[in-house]
file coords.tsv (TSV, C-alpha atoms)
chain	number	residue	atom	x	y	z
A	1	MET	CA	0.00	0.00	0.00
A	2	SER	CA	1.36	3.39	-0.97
A	3	PRO	CA	1.73	5.84	1.89
A	4	ILE	CA	-0.79	8.68	2.08
A	5	LYS	CA	1.03	11.90	1.34
A	6	ARG	CA	-0.42	14.94	3.06
A	7	SER	CA	1.18	18.14	4.22
A	8	SER	CA	1.16	18.89	7.92
A	9	LEU	CA	-1.35	21.66	7.29
A	10	GLU	CA	-3.67	19.24	5.49
A	11	ALA	CA	-3.40	16.76	8.35
A	12	ILE	CA	-4.85	19.00	11.09
A	13	ARG	CA	-8.46	20.04	11.67
A	14	PRO	CA	-9.56	21.96	8.54
A	15	ASP	CA	-11.20	24.70	10.60
A	16	MET	CA	-7.95	25.22	12.50
A	17	ALA	CA	-5.89	25.26	9.32
A	18	HIS	CA	-8.04	28.15	8.12
A	19	LEU	CA	-8.60	29.90	11.45
A	20	PRO	CA	-8.62	33.64	10.70
A	21	PRO	CA	-5.77	35.61	12.27
A	22	ASN	CA	-6.31	38.32	14.86
A	23	MET	CA	-6.34	41.49	12.75
A	24	ILE	CA	-4.92	43.56	15.60
A	25	ARG	CA	-1.90	41.28	15.57
A	26	GLU	CA	-1.67	41.67	11.80
A	27	ILE	CA	-1.13	45.39	12.34
A	28	ALA	CA	1.14	44.87	15.37
A	29	ASP	CA	3.33	42.38	13.51
A	30	LEU	CA	4.13	45.15	11.03
A	31	CYS	CA	5.40	47.28	13.92
A	32	PHE	CA	7.56	44.93	15.97
A	33	HIS	CA	11.29	45.62	15.84
A	34	ARG	CA	10.64	49.14	14.52
A	35	ASP	CA	11.33	52.22	16.59
A	36	ASP	CA	9.76	54.68	14.14
A	37	VAL	CA	6.16	53.54	14.76
A	38	THR	CA	3.66	54.75	17.35
A	39	MET	CA	1.68	51.68	18.43
A	40	LEU	CA	-1.83	52.66	19.47
A	41	CYS	CA	-3.30	49.36	18.24
A	42	PHE	CA	-2.58	47.26	21.33
A	43	GLY	CA	-4.65	47.52	24.49
A	44	GLU	CA	-1.87	48.34	26.90
A	45	SER	CA	-0.51	51.29	28.81
A	46	ASP	CA	3.01	52.63	28.35
A	47	ASP	CA	3.24	52.90	32.15
A	48	GLU	CA	5.67	50.54	33.82
A	49	THR	CA	4.32	47.91	36.17
A	50	PRO	CA	4.35	49.44	39.68
A	51	ARG	CA	7.58	48.97	41.60
A	52	ASN	CA	5.99	47.09	44.51
A	53	ILE	CA	4.72	44.43	42.10
A	54	LYS	CA	8.09	44.01	40.39
A	55	ASP	CA	9.81	43.87	43.78
A	56	ALA	CA	7.41	41.13	44.91
A	57	ALA	CA	8.27	39.05	41.82
A	58	ALA	CA	12.00	39.54	42.39
A	59	GLN	CA	11.66	38.59	46.04
A	60	SER	CA	9.64	35.51	45.08
A	61	LEU	CA	12.40	34.44	42.68
A	62	ALA	CA	14.99	35.04	45.40
A	63	HIS	CA	12.96	32.70	47.60
A	64	ASN	CA	13.07	30.05	44.85
A	65	ASP	CA	9.35	30.18	44.11
A	66	THR	CA	9.95	28.40	40.82
A	67	PHE	CA	8.19	25.08	41.45
A	68	TYR	CA	4.74	23.75	40.62
A	69	THR	CA	1.76	25.15	42.50
A	70	PRO	CA	-1.77	23.79	43.01
A	71	ASN	CA	-3.72	23.88	39.76
A	72	SER	CA	-6.17	26.48	41.08
A	73	GLY	CA	-3.34	28.83	42.10
A	74	VAL	CA	-1.33	29.41	45.25
A	75	PRO	CA	-3.67	29.61	48.27
A	76	GLU	CA	-2.27	33.01	49.28
A	77	LEU	CA	-3.28	34.56	45.94
A	78	ARG	CA	-6.71	32.94	45.93
A	79	HIS	CA	-7.35	34.28	49.44
A	80	ALA	CA	-6.12	37.72	48.35
A	81	LEU	CA	-8.42	37.66	45.32
A	82	ALA	CA	-11.44	36.73	47.43
A	83	ASP	CA	-10.59	39.58	49.84
A	84	TYR	CA	-10.13	41.95	46.90
A	85	MET	CA	-13.50	41.05	45.36
A	86	ARG	CA	-15.24	41.48	48.72
A	87	ARG	CA	-13.60	44.89	49.15
A	88	LEU	CA	-14.32	46.02	45.59
A	89	TYR	CA	-17.95	44.97	45.36
A	90	SER	CA	-19.06	44.62	49.01
A	91	ILE	CA	-20.25	41.08	48.38
A	92	PRO	CA	-19.43	37.70	49.93
A	93	VAL	CA	-16.85	35.84	47.83
A	94	ASN	CA	-15.42	32.54	48.99
A	95	THR	CA	-11.95	31.33	48.08
A	96	ASN	CA	-13.43	28.19	46.56
A	97	GLN	CA	-15.05	30.39	43.89
A	98	ILE	CA	-11.65	31.63	42.68
A	99	THR	CA	-9.41	30.01	40.06
A	100	VAL	CA	-6.15	31.71	39.11
A	101	THR	CA	-5.43	31.61	35.39
A	102	ALA	CA	-2.52	32.33	33.07
A	103	SER	CA	-4.14	35.57	31.80
A	104	GLY	CA	-7.67	36.75	31.22
A	105	MET	CA	-7.54	35.09	27.79
A	106	SER	CA	-6.70	31.78	29.44
A	107	ALA	CA	-9.69	32.25	31.74
A	108	ILE	CA	-11.97	32.76	28.74
A	109	MET	CA	-10.62	29.64	27.05
A	110	LEU	CA	-11.09	27.55	30.22
A	111	VAL	CA	-14.70	28.70	30.46
A	112	MET	CA	-15.39	27.80	26.84
A	113	GLN	CA	-13.75	24.40	27.32
A	114	ALA	CA	-15.94	23.79	30.36
A	115	ILE	CA	-19.33	24.69	28.91
A	116	LEU	CA	-19.30	24.36	25.11
A	117	ASN	CA	-20.21	21.36	23.01
A	118	ALA	CA	-19.59	21.46	19.27
A	119	GLY	CA	-22.42	23.39	17.66
A	120	ASP	CA	-23.53	25.21	20.81
A	121	GLU	CA	-24.44	28.84	20.23
A	122	VAL	CA	-22.89	31.71	22.16
A	123	VAL	CA	-24.61	35.08	21.85
A	124	VAL	CA	-21.80	37.63	21.90
A	125	ILE	CA	-22.38	41.32	22.57
A	126	SER	CA	-20.46	43.01	19.74
A	127	PRO	CA	-18.21	44.77	18.87
A	128	ILE	CA	-15.96	42.57	21.01
A	129	TRP	CA	-12.29	41.77	21.54
A	130	PRO	CA	-11.54	39.27	18.73
A	131	ASN	CA	-10.01	36.59	20.93
A	132	VAL	CA	-13.42	35.89	22.46
A	133	ASN	CA	-14.79	34.78	19.10
A	134	GLY	CA	-11.54	32.94	18.46
A	135	ALA	CA	-11.99	30.83	21.58
A	136	ILE	CA	-15.54	29.92	20.55
A	137	LYS	CA	-14.34	28.88	17.09
A	138	VAL	CA	-11.55	26.72	18.50
A	139	LEU	CA	-14.15	24.86	20.59
A	140	GLN	CA	-16.38	24.49	17.49
A	141	GLY	CA	-19.12	26.64	18.93
A	142	LYS	CA	-21.32	28.94	16.86
A	143	ILE	CA	-21.05	32.71	17.32
A	144	VAL	CA	-24.31	34.66	17.30
A	145	ASP	CA	-23.51	38.38	17.14
A	146	MET	CA	-25.68	40.81	19.06
A	147	ASN	CA	-24.62	44.27	17.99
A	148	LEU	CA	-24.64	47.32	20.21
A	149	ASP	CA	-26.36	50.39	18.79
A	150	GLU	CA	-24.60	53.72	18.33
A	151	LYS	CA	-26.92	56.70	18.46
A	152	ASP	CA	-26.65	60.32	19.59
A	153	GLY	CA	-23.05	59.95	20.69
A	154	GLN	CA	-23.39	56.84	22.80
A	155	TRP	CA	-23.56	53.06	22.57
A	156	SER	CA	-26.51	51.08	23.93
A	157	LEU	CA	-27.84	47.52	24.15
A	158	ASP	CA	-31.34	46.59	22.95
A	159	LEU	CA	-32.45	43.92	25.42
A	160	ASN	CA	-35.43	42.83	23.34
A	161	ARG	CA	-33.17	42.13	20.38
A	162	LEU	CA	-30.69	40.37	22.67
A	163	PHE	CA	-33.31	38.02	24.04
A	164	ALA	CA	-34.69	37.38	20.54
A	165	ARG	CA	-31.21	36.24	19.43
A	166	CYS	CA	-31.33	33.38	21.95
A	167	THR	CA	-32.64	30.01	20.79
A	168	LYS	CA	-32.88	26.49	22.13
A	169	LYS	CA	-29.26	26.04	21.03
A	170	THR	CA	-28.01	29.02	23.05
A	171	ARG	CA	-25.50	27.82	25.61
A	172	ALA	CA	-24.22	31.17	26.84
A	173	ILE	CA	-24.33	34.94	26.56
A	174	PHE	CA	-20.92	36.61	26.57
A	175	LEU	CA	-20.88	40.20	27.75
A	176	ASN	CA	-17.92	42.53	28.22
A	177	ALA	CA	-18.75	45.74	30.11
A	178	PRO	CA	-17.04	48.14	30.28
A	179	ASN	CA	-16.64	47.13	26.69
A	180	ASN	CA	-13.54	46.78	24.56
A	181	PRO	CA	-13.57	48.52	22.08
A	182	THR	CA	-16.51	50.94	22.54
A	183	GLY	CA	-16.25	51.80	26.24
A	184	TRP	CA	-19.98	50.98	26.61
A	185	CYS	CA	-21.12	50.35	30.20
A	186	ILE	CA	-24.12	48.32	31.27
A	187	SER	CA	-26.64	49.60	33.82
A	188	ILE	CA	-27.65	47.72	36.96
A	189	GLU	CA	-31.22	47.54	35.64
A	190	GLU	CA	-30.02	45.89	32.42
A	191	GLN	CA	-27.97	43.44	34.46
A	192	HIS	CA	-31.05	42.41	36.44
A	193	ASP	CA	-33.08	41.81	33.28
A	194	ILE	CA	-30.33	39.76	31.63
A	195	LEU	CA	-29.69	37.67	34.73
A	196	MET	CA	-33.40	36.91	35.12
A	197	PHE	CA	-33.60	35.89	31.45
A	198	CYS	CA	-30.61	33.56	31.81
A	199	ARG	CA	-32.10	32.00	34.95
A	200	GLN	CA	-35.38	31.31	33.19
A	201	ARG	CA	-33.67	29.74	30.18
A	202	GLY	CA	-30.82	27.93	31.96
A	203	ILE	CA	-28.28	29.90	29.91
A	204	TRP	CA	-24.73	30.55	31.07
A	205	LEU	CA	-23.76	34.20	31.53
A	206	ILE	CA	-20.07	34.89	30.99
A	207	CYS	CA	-18.99	38.36	32.09
A	208	ASP	CA	-15.69	39.95	31.16
A	209	ASP	CA	-14.97	42.44	33.97
A	210	VAL	CA	-11.40	43.28	32.94
A	211	TYR	CA	-12.05	47.03	32.69
A	212	ALA	CA	-14.24	47.33	35.79
A	213	ARG	CA	-11.97	49.86	37.50
A	214	LEU	CA	-11.13	51.92	34.43
A	215	THR	CA	-14.27	54.05	34.46
A	216	TYR	CA	-14.69	57.81	34.48
A	217	ALA	CA	-17.71	57.66	36.77
A	218	PRO	CA	-17.00	56.45	40.31
A	219	PRO	CA	-15.44	52.97	39.91
A	220	PRO	CA	-15.89	50.11	39.84
A	221	ALA	CA	-18.42	49.45	37.11
A	222	PRO	CA	-21.28	47.27	38.36
A	223	SER	CA	-20.70	43.52	38.22
A	224	PHE	CA	-23.24	40.76	37.80
A	225	LEU	CA	-21.60	39.20	40.85
A	226	GLN	CA	-23.28	41.86	42.96
A	227	ILE	CA	-26.77	40.59	42.11
A	228	ALA	CA	-26.12	36.88	41.52
A	229	GLU	CA	-26.93	33.92	43.74
A	230	PRO	CA	-24.21	31.33	44.48
A	231	ASP	CA	-25.80	28.74	42.19
A	232	ASP	CA	-26.45	31.04	39.22
A	233	LEU	CA	-24.91	29.98	35.90
A	234	LEU	CA	-22.55	32.95	36.06
A	235	ILE	CA	-18.80	33.13	35.52
A	236	ALA	CA	-16.86	36.40	35.78
A	237	VAL	CA	-13.50	36.71	34.03
A	238	ASN	CA	-10.82	39.17	35.11
A	239	SER	CA	-7.17	40.03	34.55
A	240	PHE	CA	-4.25	41.85	36.14
A	241	SER	CA	-3.20	43.24	32.75
A	242	LYS	CA	-5.06	46.53	32.50
A	243	THR	CA	-5.64	47.69	36.08
A	244	TRP	CA	-2.01	47.27	37.17
A	245	SER	CA	-0.19	47.63	33.81
A	246	MET	CA	0.77	43.94	33.76
A	247	THR	CA	0.01	42.91	30.17
A	248	GLY	CA	3.20	40.89	29.75
A	249	TRP	CA	2.90	39.10	33.09
A	250	ARG	CA	-0.01	36.91	31.90
A	251	LEU	CA	-2.09	36.56	35.06
A	252	GLY	CA	-5.85	36.48	35.50
A	253	TRP	CA	-8.62	34.82	37.43
A	254	LEU	CA	-12.20	33.69	37.20
A	255	THR	CA	-14.99	33.74	39.75
A	256	ALA	CA	-17.44	30.88	39.35
A	257	PRO	CA	-19.82	28.64	41.32
A	258	ALA	CA	-17.82	26.73	43.93
A	259	ALA	CA	-18.94	23.42	42.44
A	260	LEU	CA	-16.74	24.15	39.41
A	261	LEU	CA	-13.48	24.63	41.33
A	262	ASP	CA	-12.27	21.09	40.65
A	263	VAL	CA	-13.38	21.27	37.01
A	264	PHE	CA	-11.31	24.38	36.39
A	265	ALA	CA	-8.40	22.91	38.32
A	266	LYS	CA	-8.35	19.99	35.89
A	267	LEU	CA	-8.64	22.26	32.88
A	268	ASN	CA	-5.77	24.37	34.17
A	269	GLU	CA	-3.76	21.17	34.55
A	270	PHE	CA	-4.40	20.16	30.96
A	271	ASN	CA	-3.62	23.63	29.59
A	272	VAL	CA	-0.81	25.12	31.70
A	273	ALA	CA	-0.71	23.04	34.93
A	274	ALA	CA	-0.85	26.35	36.84
A	275	PRO	CA	0.11	29.98	36.20
A	276	THR	CA	3.77	30.94	36.65
A	277	THR	CA	4.63	30.67	40.33
A	278	PHE	CA	6.56	33.88	41.02
A	279	VAL	CA	4.06	35.87	38.92
A	280	GLN	CA	1.32	34.73	41.27
A	281	TYR	CA	3.19	36.23	44.22
A	282	ALA	CA	3.51	39.46	42.26
A	283	GLY	CA	-0.26	39.34	41.89
A	284	ILE	CA	-0.66	39.35	45.67
A	285	ALA	CA	1.25	42.64	45.83
A	286	ALA	CA	-0.97	44.14	43.12
A	287	LEU	CA	-4.10	43.37	45.13
A	288	ALA	CA	-2.85	45.03	48.33
A	289	THR	CA	-4.56	48.25	49.33
A	290	ASP	CA	-1.30	50.17	48.95
A	291	SER	CA	-1.64	49.64	45.18
A	292	ASP	CA	-4.95	51.53	45.11
A	293	PRO	CA	-3.35	54.99	44.70
A	294	TYR	CA	-1.62	53.76	41.53
A	295	VAL	CA	-4.99	52.77	40.03
A	296	THR	CA	-6.63	56.02	41.08
A	297	ASP	CA	-3.81	58.08	39.59
A	298	MET	CA	-3.83	56.06	36.39
A	299	VAL	CA	-7.56	56.63	35.85
A	300	ALA	CA	-7.07	60.37	36.42
A	301	ARG	CA	-4.32	60.42	33.78
A	302	LEU	CA	-6.47	58.40	31.38
A	303	ASN	CA	-9.32	60.85	31.83
A	304	LYS	CA	-7.11	63.72	30.63
A	305	ARG	CA	-5.82	61.66	27.73
A	306	ARG	CA	-9.34	60.66	26.74
A	307	ASP	CA	-10.33	64.34	26.57
A	308	LEU	CA	-7.24	65.15	24.51
A	309	VAL	CA	-7.96	62.41	21.96
A	310	VAL	CA	-11.73	62.90	21.73
A	311	ASP	CA	-11.43	66.69	21.38
A	312	SER	CA	-8.98	66.19	18.53
A	313	LEU	CA	-10.88	63.41	16.73
A	314	VAL	CA	-14.14	65.37	16.89
A	315	SER	CA	-12.47	68.05	14.80
A	316	PHE	CA	-11.53	65.58	12.04
A	317	LYS	CA	-14.03	65.98	9.18
A	318	ARG	CA	-14.35	62.27	8.34
A	319	VAL	CA	-14.72	61.03	11.93
A	320	ARG	CA	-17.80	60.21	13.99
A	321	ILE	CA	-17.07	59.37	17.62
A	322	ALA	CA	-18.90	58.52	20.84
A	323	THR	CA	-17.05	59.62	23.98
A	324	PRO	CA	-16.21	56.43	25.95
A	325	PRO	CA	-17.41	56.44	29.59
A	326	ALA	CA	-14.83	53.77	30.46
A	327	THR	CA	-11.75	51.81	29.27
A	328	PHE	CA	-8.81	53.45	27.50
A	329	TYR	CA	-10.06	53.24	23.92
A	330	THR	CA	-11.80	55.44	21.42
A	331	PHE	CA	-13.75	53.56	18.77
A	332	PHE	CA	-14.58	55.92	15.94
A	333	ALA	CA	-16.21	55.62	12.55
A	334	VAL	CA	-14.47	56.96	9.46
A	335	ASP	CA	-16.53	58.21	6.55
A	336	GLY	CA	-15.87	56.25	3.36
A	337	VAL	CA	-13.99	53.35	4.98
A	338	THR	CA	-15.33	49.94	3.92
A	339	ASP	CA	-12.19	47.88	4.58
A	340	SER	CA	-10.78	48.94	7.94
A	341	LEU	CA	-7.90	46.44	7.83
A	342	SER	CA	-6.57	47.79	4.54
A	343	PHE	CA	-7.16	51.33	5.75
A	344	ALA	CA	-5.21	50.67	8.99
A	345	LYS	CA	-2.31	49.19	7.02
A	346	ASP	CA	-2.26	52.16	4.67
A	347	LEU	CA	-2.47	54.57	7.61
A	348	LEU	CA	0.51	52.87	9.22
A	349	LYS	CA	2.51	53.05	5.99
A	350	LYS	CA	1.78	56.74	5.43
A	351	THR	CA	1.93	58.09	9.00
A	352	GLY	CA	3.78	55.54	11.17
A	353	VAL	CA	0.77	55.35	13.51
A	354	ALA	CA	-0.75	51.92	14.19
A	355	LEU	CA	-4.48	51.75	14.95
A	356	ALA	CA	-6.62	48.63	15.29
A	357	PRO	CA	-9.04	47.94	12.42
A	358	GLY	CA	-12.68	47.93	13.47
A	359	ARG	CA	-13.47	44.69	11.62
A	360	ALA	CA	-11.20	42.89	14.08
A	361	PHE	CA	-14.02	43.32	16.61
A	362	GLY	CA	-16.67	41.73	14.42
A	363	GLU	CA	-18.67	42.78	11.39
A	364	ALA	CA	-20.36	45.45	13.50
A	365	GLY	CA	-16.98	47.16	13.74
A	366	GLU	CA	-16.36	47.54	10.02
A	367	GLY	CA	-15.80	51.16	9.12
A	368	TYR	CA	-14.37	51.93	12.56
A	369	LEU	CA	-10.89	52.16	14.06
A	370	ARG	CA	-9.80	51.68	17.67
A	371	LEU	CA	-7.21	53.96	19.25
A	372	CYS	CA	-5.70	53.11	22.63
A	373	PHE	CA	-5.06	56.34	24.55
A	374	ALA	CA	-3.16	54.76	27.46
A	375	LYS	CA	-0.04	56.58	26.31
A	376	SER	CA	1.68	59.82	27.28
A	377	GLU	CA	0.06	63.05	26.16
A	378	SER	CA	3.10	63.93	24.05
A	379	VAL	CA	2.90	60.61	22.19
A	380	LEU	CA	-0.83	61.03	21.60
A	381	SER	CA	-0.51	64.64	20.44
A	382	ASP	CA	2.21	63.70	17.96
A	383	ALA	CA	0.21	60.74	16.62
A	384	LEU	CA	-2.95	62.81	16.21
A	385	GLN	CA	-1.04	65.48	14.32
A	386	ARG	CA	0.42	62.86	11.97
A	387	ILE	CA	-2.89	61.19	11.15
A	388	ARG	CA	-4.96	64.38	10.85
A	389	PRO	CA	-4.38	64.85	7.08
A	390	ILE	CA	-5.77	61.36	6.36
A	391	PHE	CA	-9.04	62.15	8.12
A	392	GLU	CA	-9.64	65.60	6.67
call {"tool": "encode", "arguments": {"input": "coords.tsv", "output": "structure tokens"}}
result
Amino acid sequence: MSPIKRSSLEAIRPDMAHLPPNMIREIADLCFHRDDVTMLCFGESDDETPRNIKDAAAQSLAHNDTFYTPNSGVPELRHALADYMRRLYSIPVNTNQITVTASGMSAIMLVMQAILNAGDEVVVISPIWPNVNGAIKVLQGKIVDMNLDEKDGQWSLDLNRLFARCTKKTRAIFLNAPNNPTGWCISIEEQHDILMFCRQRGIWLICDDVYARLTYAPPPAPSFLQIAEPDDLLIAVNSFSKTWSMTGWRLGWLTAPAALLDVFAKLNEFNVAAPTTFVQYAGIAALATDSDPYVTDMVARLNKRRDLVVDSLVSFKRVRIATPPATFYTFFAVDGVTDSLSFAKDLLKKTGVALAPGRAFGEAGEGYLRLCFAKSESVLSDALQRIRPIFE
């Protein structure tokens, strides 16, 4: 019998061989190893990680914290996270609800692995960070987009349309608020209605709370955890990346019904065993109350930068923009743009400024661009001056 000759690409799952790339990374990959580009496409601050966090990691390494930990995370960090959630939201949170993950993205993937069967539908509030849809595709789920509405300078969610998008095949609703990329925030009243709907239908509610403290009204943004019962089908995902400028550290956590602790421990084992040991001890330092002034100061700086960027973009003739009430992004529409990826590449080539294409965040984002304003005012001012001619 002659051997079957197939390339390695032909021999893997066809849907994985043709998995679309993250368009934000497509832009970023054009920028790496260049020092003449202003990268406003990534969702990260140019602030350094606070010194107390770096010192905690160095001290942990000095203590030889380089060995395996329990799959759910070191007990000290899980206790610190439960304390932090109680302090932040004034709600009871037990340590057995907390699983430490190797980033917020890892937390999202673990959740999808736990709840999705092939063909299950996930209703996703869009525009949305592209990796959410990527995780659903990897698990062979079906994405059902539920688009936010933009009207009169703000984004909003039509609950009737959301509920109509749910079918007998709906396994979960995925909701990120404050929202990346739009900055949209959900109201407590909307949270109540959505939670009641999910209870009645037996639908999982997955909440991405990563930007909860980056709001320009008194933080934090409301969390579904504040109104949920212990046995609700609710999982909240969070990350250290944005609040404490720790994008490269890769540390996150999820808050879930206590009955799922062992399930997520096993999934952690089969994905990463456990997050990096000394990084977990750095996470404990981030959660301490003496880190709170850093977060408060950062939000104050972001508020000024938001005003700088929005005031400038509003003056661009081709731009339509809603002022974000939270996060560190502006998501703005550009008149005449029908291919935001090509436009972002051309913008980068002509101006040296990298913005994220709106289509990366779903079809609802086509015609938009995302700009991360978590940079110094001098960097932002220079970038805005360089791109102005393209938008006039």
call {"tool": "atom_distance", "arguments": {"input": "coords.tsv", "atom1": "CA of Ala172 in chain A", "atom2": "CA of Arg201 in chain A"}}
result
10.1 Å
call {"tool": "residues_near_point", "arguments": {"input": "coords.tsv", "point": "(-27.6, 28.9, 30.1)", "cutoff": "12 Å", "atoms": "only C-alpha atoms", "output": "number ranges by chain"}}
result
A: 115-116, 120-123, 166-174, 194-206, 232-235
call {"tool": "closest_atom_pairs", "arguments": {"input": "coords.tsv", "of": "range 224-304 of chain A", "to": "range 36-53 of chain A", "cutoff": "8 Å", "atoms": "only C-alpha atoms", "output": "tab-separated table"}}
result
residue	atom	partner	partner_atom	distance
A:Ser241	CA	A:Glu44	CA	7.9
A:Lys242	CA	A:Glu44	CA	6.7
A:Trp244	CA	A:Thr49	CA	6.4
A:Ser245	CA	A:Thr49	CA	5.1
A:Met246	CA	A:Thr49	CA	5.8
A:Thr247	CA	A:Glu44	CA	6.6
A:Ala282	CA	A:Ile53	CA	5.1
A:Gly283	CA	A:Ile53	CA	7.1
A:Ala285	CA	A:Ile53	CA	5.4
A:Ala286	CA	A:Ile53	CA	5.8
A:Tyr294	CA	A:Pro50	CA	7.6
call {"tool": "residues_around", "arguments": {"input": "coords.tsv", "residues": "Arg213 in chain A", "least_positions_apart": "2", "cutoff": "10 Å", "atoms": "all atoms listed in the file", "output": "NGL selection string"}}
result
:A and (88 or 178 or 209-211 or 215-222 or 242-243 or 295-296 or 299 or 326-327)
call {"tool": "closest_residue", "arguments": {"input": "coords.tsv", "among": "A:Asn147, A:Gln154, A:Ser378, A:Thr255", "to": "Thr95 in chain A", "atoms": "all atoms listed in the file"}}
result
A:Thr255
